[in-house]
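Below: my_file03.cif (mmCIF, N, CA and C atoms)
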data_query
loop_
_atom_site.group_PDB
_atom_site.id
_atom_site.type_symbol
_atom_site.label_atom_id
_atom_site.label_comp_id
_atom_site.auth_asym_id
_atom_site.auth_seq_id
_atom_site.Cartn_x
_atom_site.Cartn_y
_atom_site.Cartn_z
ATOM 1 N N MET J 1 -7.166 26.214 12.322
ATOM 2 C CA MET J 1 -6.944 25.981 10.910
ATOM 3 C C MET J 1 -5.771 25.001 10.749
ATOM 4 N N ILE J 2 -5.961 24.024 9.895
ATOM 5 C CA ILE J 2 -4.943 23.013 9.660
ATOM 6 C C ILE J 2 -3.970 23.521 8.598
ATOM 7 N N ASN J 3 -2.688 23.418 8.921
ATOM 8 C CA ASN J 3 -1.703 23.862 7.931
ATOM 9 C C ASN J 3 -1.476 22.767 6.886
ATOM 10 N N LYS J 4 -0.747 23.117 5.853
ATOM 11 C CA LYS J 4 -0.519 22.220 4.717
ATOM 12 C C LYS J 4 0.191 20.928 5.150
ATOM 13 N N LYS J 5 1.148 21.054 6.029
ATOM 14 C CA LYS J 5 1.897 19.901 6.522
ATOM 15 C C LYS J 5 0.967 18.936 7.248
ATOM 16 N N GLU J 6 0.153 19.444 8.152
ATOM 17 C CA GLU J 6 -0.766 18.584 8.914
ATOM 18 C C GLU J 6 -1.800 17.942 7.993
ATOM 19 N N GLN J 7 -2.270 18.673 7.012
ATOM 20 C CA GLN J 7 -3.220 18.107 6.051
ATOM 21 C C GLN J 7 -2.577 16.970 5.266
ATOM 22 N N TYR J 8 -1.320 17.146 4.895
ATOM 23 C CA TYR J 8 -0.592 16.112 4.169
ATOM 24 C C TYR J 8 -0.464 14.850 5.026
ATOM 25 N N ILE J 9 -0.111 15.029 6.291
ATOM 26 C CA ILE J 9 0.011 13.894 7.218
ATOM 27 C C ILE J 9 -1.324 13.164 7.323
ATOM 28 N N ARG J 10 -2.401 13.896 7.500
ATOM 29 C CA ARG J 10 -3.726 13.280 7.623
ATOM 30 C C ARG J 10 -4.117 12.519 6.356
ATOM 31 N N THR J 11 -3.778 13.091 5.211
ATOM 32 C CA THR J 11 -4.085 12.430 3.936
ATOM 33 C C THR J 11 -3.329 11.119 3.817
ATOM 34 N N LEU J 12 -2.029 11.131 4.115
ATOM 35 C CA LEU J 12 -1.236 9.900 4.054
ATOM 36 C C LEU J 12 -1.760 8.859 5.035
ATOM 37 N N GLU J 13 -2.068 9.274 6.249
ATOM 38 C CA GLU J 13 -2.577 8.332 7.242
ATOM 39 C C GLU J 13 -3.902 7.717 6.791
ATOM 40 N N ALA J 14 -4.759 8.519 6.181
ATOM 41 C CA ALA J 14 -6.039 8.005 5.679
ATOM 42 C C ALA J 14 -5.820 7.015 4.541
ATOM 43 N N GLN J 15 -4.863 7.299 3.663
ATOM 44 C CA GLN J 15 -4.558 6.375 2.571
ATOM 45 C C GLN J 15 -4.045 5.045 3.103
ATOM 46 N N VAL J 16 -3.181 5.094 4.095
ATOM 47 C CA VAL J 16 -2.655 3.876 4.695
ATOM 48 C C VAL J 16 -3.790 3.079 5.339
ATOM 49 N N GLU J 17 -4.671 3.752 6.029
ATOM 50 C CA GLU J 17 -5.798 3.071 6.673
ATOM 51 C C GLU J 17 -6.721 2.428 5.637
ATOM 52 N N ARG J 18 -7.015 3.133 4.552
ATOM 53 C CA ARG J 18 -7.860 2.556 3.488
ATOM 54 C C ARG J 18 -7.182 1.341 2.861
ATOM 55 N N LEU J 19 -5.879 1.435 2.665
ATOM 56 C CA LEU J 19 -5.151 0.316 2.085
ATOM 57 C C LEU J 19 -5.172 -0.882 3.030
ATOM 58 N N ASN J 20 -5.007 -0.653 4.320
ATOM 59 C CA ASN J 20 -5.091 -1.746 5.292
ATOM 60 C C ASN J 20 -6.442 -2.448 5.210
ATOM 61 N N THR J 21 -7.497 -1.673 5.146
ATOM 62 C CA THR J 21 -8.840 -2.237 5.046
ATOM 63 C C THR J 21 -8.992 -3.046 3.772
ATOM 64 N N TYR J 22 -8.499 -2.515 2.666
ATOM 65 C CA TYR J 22 -8.575 -3.214 1.385
ATOM 66 C C TYR J 22 -7.791 -4.523 1.430
ATOM 67 N N LEU J 23 -6.582 -4.480 2.002
ATOM 68 C CA LEU J 23 -5.746 -5.675 2.074
ATOM 69 C C LEU J 23 -6.387 -6.749 2.950
ATOM 70 N N GLU J 24 -7.056 -6.339 4.010
ATOM 71 C CA GLU J 24 -7.759 -7.307 4.863
ATOM 72 C C GLU J 24 -8.840 -8.025 4.064
ATOM 73 N N ALA J 25 -9.599 -7.290 3.273
ATOM 74 C CA ALA J 25 -10.639 -7.901 2.446
ATOM 75 C C ALA J 25 -10.026 -8.805 1.380
ATOM 76 N N LEU J 26 -8.931 -8.377 0.796
ATOM 77 C CA LEU J 26 -8.257 -9.169 -0.223
ATOM 78 C C LEU J 26 -7.708 -10.459 0.382
ATOM 79 N N ASP J 27 -7.184 -10.379 1.594
ATOM 80 C CA ASP J 27 -6.682 -11.573 2.281
ATOM 81 C C ASP J 27 -7.783 -12.621 2.432
ATOM 82 N N ILE J 28 -8.968 -12.169 2.760
ATOM 83 C CA ILE J 28 -10.098 -13.088 2.922
ATOM 84 C C ILE J 28 -10.423 -13.763 1.595
ATOM 85 N N SER J 29 -10.445 -13.001 0.528
ATOM 86 C CA SER J 29 -10.791 -13.583 -0.765
ATOM 87 C C SER J 29 -9.683 -14.501 -1.285
ATOM 88 N N MET J 30 -8.461 -14.307 -0.842
ATOM 89 C CA MET J 30 -7.352 -15.135 -1.297
ATOM 90 C C MET J 30 -7.424 -16.548 -0.736
ATOM 91 N N LYS J 31 -8.223 -16.769 0.267
ATOM 92 C CA LYS J 31 -8.346 -18.109 0.846
ATOM 93 C C LYS J 31 -8.863 -19.106 -0.181
ATOM 94 N N ASN J 32 -9.547 -18.619 -1.217
ATOM 95 C CA ASN J 32 -10.098 -19.495 -2.247
ATOM 96 C C ASN J 32 -9.200 -19.632 -3.463
ATOM 97 N N ALA J 33 -8.072 -18.975 -3.469
ATOM 98 C CA ALA J 33 -7.180 -19.000 -4.633
ATOM 99 C C ALA J 33 -6.326 -20.269 -4.617
ATOM 100 N N ASP J 34 -5.802 -20.605 -5.792
ATOM 101 C CA ASP J 34 -4.926 -21.772 -5.882
ATOM 102 C C ASP J 34 -3.580 -21.456 -5.230
ATOM 103 N N THR J 35 -2.791 -22.490 -4.984
ATOM 104 C CA THR J 35 -1.527 -22.365 -4.253
ATOM 105 C C THR J 35 -0.551 -21.402 -4.915
ATOM 106 N N GLU J 36 -0.392 -21.510 -6.216
ATOM 107 C CA GLU J 36 0.556 -20.643 -6.931
ATOM 108 C C GLU J 36 0.128 -19.177 -6.830
ATOM 109 N N THR J 37 -1.157 -18.918 -7.008
ATOM 110 C CA THR J 37 -1.660 -17.549 -6.918
ATOM 111 C C THR J 37 -1.442 -17.003 -5.514
ATOM 112 N N LYS J 38 -1.709 -17.825 -4.498
ATOM 113 C CA LYS J 38 -1.493 -17.394 -3.111
ATOM 114 C C LYS J 38 -0.029 -17.038 -2.870
ATOM 115 N N LYS J 39 0.867 -17.875 -3.383
ATOM 116 C CA LYS J 39 2.295 -17.632 -3.181
ATOM 117 C C LYS J 39 2.710 -16.302 -3.803
ATOM 118 N N ASN J 40 2.309 -16.073 -5.049
ATOM 119 C CA ASN J 40 2.639 -14.813 -5.723
ATOM 120 C C ASN J 40 2.027 -13.622 -4.992
ATOM 121 N N TYR J 41 0.785 -13.796 -4.578
ATOM 122 C CA TYR J 41 0.077 -12.743 -3.842
ATOM 123 C C TYR J 41 0.828 -12.414 -2.549
ATOM 124 N N GLU J 42 1.190 -13.438 -1.797
ATOM 125 C CA GLU J 42 1.849 -13.225 -0.515
ATOM 126 C C GLU J 42 3.174 -12.491 -0.680
ATOM 127 N N GLU J 43 3.909 -12.791 -1.751
ATOM 128 C CA GLU J 43 5.169 -12.085 -2.004
ATOM 129 C C GLU J 43 4.915 -10.601 -2.260
ATOM 130 N N LYS J 44 3.913 -10.316 -3.052
ATOM 131 C CA LYS J 44 3.610 -8.917 -3.370
ATOM 132 C C LYS J 44 3.061 -8.184 -2.149
ATOM 133 N N ILE J 45 2.231 -8.861 -1.380
ATOM 134 C CA ILE J 45 1.670 -8.223 -0.190
ATOM 135 C C ILE J 45 2.765 -7.965 0.840
ATOM 136 N N LYS J 46 3.718 -8.859 0.946
ATOM 137 C CA LYS J 46 4.853 -8.622 1.852
ATOM 138 C C LYS J 46 5.597 -7.362 1.413
ATOM 139 N N ASP J 47 5.806 -7.220 0.112
ATOM 140 C CA ASP J 47 6.456 -6.022 -0.431
ATOM 141 C C ASP J 47 5.630 -4.773 -0.093
ATOM 142 N N ILE J 48 4.321 -4.869 -0.257
ATOM 143 C CA ILE J 48 3.454 -3.728 0.060
ATOM 144 C C ILE J 48 3.549 -3.380 1.538
ATOM 145 N N HIS J 49 3.530 -4.375 2.417
ATOM 146 C CA HIS J 49 3.634 -4.100 3.859
ATOM 147 C C HIS J 49 4.977 -3.448 4.204
ATOM 148 N N ASN J 50 6.041 -3.893 3.563
ATOM 149 C CA ASN J 50 7.347 -3.251 3.785
ATOM 150 C C ASN J 50 7.310 -1.788 3.357
ATOM 151 N N LYS J 51 6.687 -1.534 2.220
ATOM 152 C CA LYS J 51 6.584 -0.154 1.728
ATOM 153 C C LYS J 51 5.660 0.673 2.614
ATOM 154 N N MET J 52 4.625 0.050 3.161
ATOM 155 C CA MET J 52 3.746 0.777 4.085
ATOM 156 C C MET J 52 4.516 1.163 5.341
ATOM 157 N N ASP J 53 5.417 0.298 5.785
ATOM 158 C CA ASP J 53 6.273 0.649 6.922
ATOM 159 C C ASP J 53 7.134 1.858 6.579
ATOM 160 N N MET J 54 7.623 1.899 5.326
ATOM 161 C CA MET J 54 8.405 3.055 4.884
ATOM 162 C C MET J 54 7.549 4.319 4.904
ATOM 163 N N ILE J 55 6.300 4.199 4.467
ATOM 164 C CA ILE J 55 5.384 5.357 4.486
ATOM 165 C C ILE J 55 5.173 5.823 5.922
ATOM 166 N N ARG J 56 4.960 4.893 6.834
ATOM 167 C CA ARG J 56 4.757 5.267 8.250
ATOM 168 C C ARG J 56 5.987 5.998 8.794
ATOM 169 N N GLU J 57 7.163 5.534 8.402
ATOM 170 C CA GLU J 57 8.393 6.207 8.825
ATOM 171 C C GLU J 57 8.469 7.614 8.224
ATOM 172 N N LYS J 58 8.072 7.746 6.964
ATOM 173 C CA LYS J 58 8.069 9.069 6.317
ATOM 174 C C LYS J 58 7.072 9.992 7.019
ATOM 175 N N ILE J 59 5.908 9.459 7.393
ATOM 176 C CA ILE J 59 4.916 10.269 8.112
ATOM 177 C C ILE J 59 5.524 10.779 9.410
ATOM 178 N N LYS J 60 6.212 9.882 10.120
ATOM 179 C CA LYS J 60 6.857 10.273 11.375
ATOM 180 C C LYS J 60 7.887 11.375 11.123
ATOM 181 N N ARG J 61 8.686 11.208 10.057
ATOM 182 C CA ARG J 61 9.707 12.215 9.736
ATOM 183 C C ARG J 61 9.081 13.546 9.320
ATOM 184 N N VAL J 62 7.986 13.490 8.564
ATOM 185 C CA VAL J 62 7.287 14.724 8.185
ATOM 186 C C VAL J 62 6.802 15.427 9.443
ATOM 187 N N ARG J 63 6.179 14.655 10.334
ATOM 188 C CA ARG J 63 5.646 15.233 11.576
ATOM 189 C C ARG J 63 6.750 15.914 12.392
ATOM 190 N N GLU J 64 7.934 15.316 12.416
ATOM 191 C CA GLU J 64 9.038 15.836 13.219
ATOM 192 C C GLU J 64 9.840 16.941 12.521
ATOM 193 N N SER J 65 9.663 17.086 11.227
ATOM 194 C CA SER J 65 10.467 18.041 10.460
ATOM 195 C C SER J 65 9.982 19.469 10.653
ATOM 196 N N ASP J 66 10.852 20.388 10.299
ATOM 197 C CA ASP J 66 10.480 21.791 10.362
ATOM 198 C C ASP J 66 10.759 22.450 9.015
ATOM 199 N N GLY J 67 10.300 23.646 8.870
ATOM 200 C CA GLY J 67 10.528 24.387 7.632
ATOM 201 C C GLY J 67 9.980 23.650 6.424
ATOM 202 N N SER J 68 10.698 23.711 5.343
ATOM 203 C CA SER J 68 10.236 23.078 4.112
ATOM 204 C C SER J 68 10.786 21.659 3.941
ATOM 205 N N THR J 69 11.523 21.179 4.937
ATOM 206 C CA THR J 69 12.078 19.826 4.873
ATOM 207 C C THR J 69 10.978 18.792 4.695
ATOM 208 N N TRP J 70 9.824 19.044 5.312
ATOM 209 C CA TRP J 70 8.730 18.072 5.244
ATOM 210 C C TRP J 70 8.266 17.848 3.807
ATOM 211 N N GLU J 71 8.386 18.879 2.968
ATOM 212 C CA GLU J 71 7.946 18.735 1.577
ATOM 213 C C GLU J 71 8.825 17.737 0.824
ATOM 214 N N MET J 72 10.126 17.765 1.098
ATOM 215 C CA MET J 72 11.035 16.815 0.460
ATOM 216 C C MET J 72 10.728 15.389 0.948
ATOM 217 N N ILE J 73 10.531 15.235 2.239
ATOM 218 C CA ILE J 73 10.199 13.927 2.794
ATOM 219 C C ILE J 73 8.850 13.467 2.251
ATOM 220 N N GLY J 74 7.922 14.404 2.133
ATOM 221 C CA GLY J 74 6.610 14.089 1.578
ATOM 222 C C GLY J 74 6.703 13.621 0.134
ATOM 223 N N GLU J 75 7.603 14.206 -0.615
ATOM 224 C CA GLU J 75 7.807 13.772 -1.998
ATOM 225 C C GLU J 75 8.327 12.338 -2.034
ATOM 226 N N GLU J 76 9.242 12.016 -1.122
ATOM 227 C CA GLU J 76 9.737 10.644 -1.019
ATOM 228 C C GLU J 76 8.589 9.693 -0.687
ATOM 229 N N ALA J 77 7.724 10.105 0.226
ATOM 230 C CA ALA J 77 6.570 9.284 0.587
ATOM 231 C C ALA J 77 5.656 9.090 -0.616
ATOM 232 N N GLY J 78 5.497 10.129 -1.409
ATOM 233 C CA GLY J 78 4.678 10.028 -2.616
ATOM 234 C C GLY J 78 5.250 9.025 -3.604
ATOM 235 N N ASN J 79 6.568 8.985 -3.720
ATOM 236 C CA ASN J 79 7.215 8.009 -4.597
ATOM 237 C C ASN J 79 6.977 6.585 -4.099
ATOM 238 N N VAL J 80 7.083 6.388 -2.795
ATOM 239 C CA VAL J 80 6.830 5.064 -2.218
ATOM 240 C C VAL J 80 5.371 4.690 -2.437
ATOM 241 N N TRP J 81 4.478 5.653 -2.258
ATOM 242 C CA TRP J 81 3.048 5.388 -2.451
ATOM 243 C C TRP J 81 2.776 4.947 -3.899
ATOM 244 N N GLY J 82 3.414 5.576 -4.852
ATOM 245 C CA GLY J 82 3.262 5.183 -6.251
ATOM 246 C C GLY J 82 3.728 3.753 -6.469
ATOM 247 N N SER J 83 4.808 3.375 -5.820
ATOM 248 C CA SER J 83 5.315 2.011 -5.918
ATOM 249 C C SER J 83 4.327 1.016 -5.307
ATOM 250 N N ILE J 84 3.715 1.375 -4.208
ATOM 251 C CA ILE J 84 2.696 0.521 -3.584
ATOM 252 C C ILE J 84 1.536 0.311 -4.548
ATOM 253 N N LYS J 85 1.089 1.377 -5.169
ATOM 254 C CA LYS J 85 -0.039 1.268 -6.099
ATOM 255 C C LYS J 85 0.290 0.360 -7.276
ATOM 256 N N ARG J 86 1.506 0.468 -7.805
ATOM 257 C CA ARG J 86 1.904 -0.403 -8.927
ATOM 258 C C ARG J 86 1.968 -1.864 -8.495
ATOM 259 N N THR J 87 2.521 -2.117 -7.319
ATOM 260 C CA THR J 87 2.617 -3.487 -6.809
ATOM 261 C C THR J 87 1.231 -4.059 -6.554
ATOM 262 N N LEU J 88 0.356 -3.268 -5.980
ATOM 263 C CA LEU J 88 -1.005 -3.729 -5.707
ATOM 264 C C LEU J 88 -1.748 -4.015 -7.006
ATOM 265 N N LYS J 89 -1.570 -3.180 -7.988
ATOM 266 C CA LYS J 89 -2.225 -3.398 -9.278
ATOM 267 C C LYS J 89 -1.776 -4.727 -9.880
ATOM 268 N N LYS J 90 -0.475 -4.997 -9.807
ATOM 269 C CA LYS J 90 0.041 -6.249 -10.348
ATOM 270 C C LYS J 90 -0.501 -7.441 -9.554
ATOM 271 N N ALA J 91 -0.560 -7.318 -8.246
ATOM 272 C CA ALA J 91 -1.094 -8.401 -7.409
ATOM 273 C C ALA J 91 -2.557 -8.664 -7.756
ATOM 274 N N LYS J 92 -3.327 -7.603 -7.948
ATOM 275 C CA LYS J 92 -4.743 -7.769 -8.311
ATOM 276 C C LYS J 92 -4.886 -8.448 -9.659
ATOM 277 N N GLU J 93 -4.055 -8.081 -10.617
ATOM 278 C CA GLU J 93 -4.107 -8.699 -11.944
ATOM 279 C C GLU J 93 -3.775 -10.184 -11.868
ATOM 280 N N GLU J 94 -2.755 -10.518 -11.088
ATOM 281 C CA GLU J 94 -2.379 -11.919 -10.940
ATOM 282 C C GLU J 94 -3.464 -12.707 -10.217
ATOM 283 N N TYR J 95 -4.069 -12.093 -9.204
ATOM 284 C CA TYR J 95 -5.158 -12.755 -8.497
ATOM 285 C C TYR J 95 -6.320 -13.022 -9.451
ATOM 286 N N ARG J 96 -6.689 -12.008 -10.199
ATOM 287 C CA ARG J 96 -7.800 -12.143 -11.147
ATOM 288 C C ARG J 96 -7.516 -13.260 -12.151
ATOM 289 N N LYS J 97 -6.295 -13.297 -12.655
ATOM 290 C CA LYS J 97 -5.904 -14.326 -13.624
ATOM 291 C C LYS J 97 -5.988 -15.712 -12.971
ATOM 292 N N GLY J 98 -5.446 -15.853 -11.779
ATOM 293 C CA GLY J 98 -5.494 -17.127 -11.066
ATOM 294 C C GLY J 98 -6.916 -17.545 -10.752
ATOM 295 N N TYR J 99 -7.733 -16.598 -10.383
ATOM 296 C CA TYR J 99 -9.134 -16.881 -10.081
ATOM 297 C C TYR J 99 -9.860 -17.377 -11.331
ATOM 298 N N GLU J 100 -9.661 -16.689 -12.447
ATOM 299 C CA GLU J 100 -10.313 -17.082 -13.696
ATOM 300 C C GLU J 100 -9.840 -18.441 -14.176
ATOM 301 N N GLU J 101 -8.539 -18.718 -14.021
ATOM 302 C CA GLU J 101 -8.008 -20.035 -14.392
ATOM 303 C C GLU J 101 -8.621 -21.110 -13.509
ATOM 304 N N GLY J 102 -8.836 -20.796 -12.245
ATOM 305 C CA GLY J 102 -9.454 -21.753 -11.323
ATOM 306 C C GLY J 102 -10.886 -22.074 -11.729
ATOM 307 N N LEU J 103 -11.565 -21.106 -12.300
ATOM 308 C CA LEU J 103 -12.933 -21.334 -12.750
ATOM 309 C C LEU J 103 -12.969 -22.266 -13.950
ATOM 310 N N ASP J 104 -11.914 -22.230 -14.759
ATOM 311 C CA ASP J 104 -11.848 -23.066 -15.962
ATOM 312 C C ASP J 104 -11.581 -24.536 -15.618
ATOM 313 N N ASP J 105 -11.016 -24.801 -14.437
ATOM 314 C CA ASP J 105 -10.667 -26.186 -14.077
ATOM 315 C C ASP J 105 -11.886 -27.026 -13.773
#

Starting from the coordinates I provided, produce the structure as structure tokens.
Amino acid sequence: MINKKEQYIRTLEAQVERLNTYLEALDISMKNADTETKKNYEEKIKDIHNKMDMIREKIKRVRESDGSTWEMIGEEAGNVWGSIKRTLKKAKEEYRKGYEEGLDD
């Protein structure tokens, strides 16, 4: 039987893996974007990758923690995850805007 801590770790790892897959697909589609859109996208994606590194570190700390300490670290990871989602949403909006503007040219 998987305990709550291990389930949390697996959930975070799965989210990171799904995000990696999504970012790979987004990278491919960005090859057709204009220069300004690419630049803005790359800045946001760099921020997301930095935050993903923070999530990986939190996963490691959760795995190594004992008692209820992992819940506090997990909460920190949840906050970082929320920040990743907001940054990704903004990057997608900017990409969409740049793409639509490119169609108008």

For the provided coordinates, the residues matched by the PyMOL selection byres ((chain J and resi 32-38) around 8) should be stated as a list in words. Asp27, Ile28, Ser29, Met30, Lys31, Lys39, Asn40, Tyr41, Glu42, Glu43, Lys44, Glu94, Tyr95, Lys97, Gly98, Tyr99 and Gly102 of chain J

Atom C of Glu57 in chain J to CA of Glu76 in chain J measures 9.8 Å

| message | Counting only C-alpha atoms, which residue out of J:Leu88, J:Ser65, J:Ser83, J:Lys4 sits closest to Asn20 in chain J? | response |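 Looking only at the distances to Asn20 in chain J, the closest residue turns out to be J:Leu88.
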
So the first atom is atom N of Gly74 in chain J and the second is CA of Lys58 in chain J; what is the distance between them in Å, to one decimal place?
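Atom-to-atom, atom N of Gly74 in chain J and CA of Lys58 in chain J are spaced 6.8 Å apart.
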
- Task: Could you tell me how far CA of Glu64 in chain J lies from atom N of Lys51 in chain J, in Å and to one decimal?
- Result: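 About the pair CA of Glu64 in chain J and atom N of Lys51 in chain J: they are 20.7 Å apart.
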
Polymer residues at most 12 Å from (-5.5, 18.5, 9.0) by only C-alpha atoms, as a VMD selection string | chain J and resid 1 to 14 63

Store the residues picked out above, limited to N, CA and C atoms, as a tab-separated table (two decimals), in the coordinates of the input.
chain	number	residue	atom	x	y	z
J	1	MET	N	-7.17	26.21	12.32
J	1	MET	CA	-6.94	25.98	10.91
J	1	MET	C	-5.77	25.00	10.75
J	2	ILE	N	-5.96	24.02	9.90
J	2	ILE	CA	-4.94	23.01	9.66
J	2	ILE	C	-3.97	23.52	8.60
J	3	ASN	N	-2.69	23.42	8.92
J	3	ASN	CA	-1.70	23.86	7.93
J	3	ASN	C	-1.48	22.77	6.89
J	4	LYS	N	-0.75	23.12	5.85
J	4	LYS	CA	-0.52	22.22	4.72
J	4	LYS	C	0.19	20.93	5.15
J	5	LYS	N	1.15	21.05	6.03
J	5	LYS	CA	1.90	19.90	6.52
J	5	LYS	C	0.97	18.94	7.25
J	6	GLU	N	0.15	19.44	8.15
J	6	GLU	CA	-0.77	18.58	8.91
J	6	GLU	C	-1.80	17.94	7.99
J	7	GLN	N	-2.27	18.67	7.01
J	7	GLN	CA	-3.22	18.11	6.05
J	7	GLN	C	-2.58	16.97	5.27
J	8	TYR	N	-1.32	17.15	4.89
J	8	TYR	CA	-0.59	16.11	4.17
J	8	TYR	C	-0.46	14.85	5.03
J	9	ILE	N	-0.11	15.03	6.29
J	9	ILE	CA	0.01	13.89	7.22
J	9	ILE	C	-1.32	13.16	7.32
J	10	ARG	N	-2.40	13.90	7.50
J	10	ARG	CA	-3.73	13.28	7.62
J	10	ARG	C	-4.12	12.52	6.36
J	11	THR	N	-3.78	13.09	5.21
J	11	THR	CA	-4.08	12.43	3.94
J	11	THR	C	-3.33	11.12	3.82
J	12	LEU	N	-2.03	11.13	4.12
J	12	LEU	CA	-1.24	9.90	4.05
J	12	LEU	C	-1.76	8.86	5.04
J	13	GLU	N	-2.07	9.27	6.25
J	13	GLU	CA	-2.58	8.33	7.24
J	13	GLU	C	-3.90	7.72	6.79
J	14	ALA	N	-4.76	8.52	6.18
J	14	ALA	CA	-6.04	8.01	5.68
J	14	ALA	C	-5.82	7.02	4.54
J	63	ARG	N	6.18	14.66	10.33
J	63	ARG	CA	5.65	15.23	11.58
J	63	ARG	C	6.75	15.91	12.39

Kindly provide, as lines of an AutoDock Vina configuration file, the centre and edge lengths (Å, one decimal) of an axis-aligned box around all atoms of range 38-45 of chain J given in the file, with 3 Å on each side.
center_x = 1.7
center_y = -12.9
center_z = -2.4
size_x = 12.9
size_y = 15.9
size_z = 12.6

Identify which of the residues J:Val62, J:Ile48, J:Met54, J:Met72 lies closest to Ile84 in chain J, counting only C-alpha atoms when measuring atom-to-atom distances.
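Looking only at the distances to Ile84 in chain J, the closest residue turns out to be J:Ile48.
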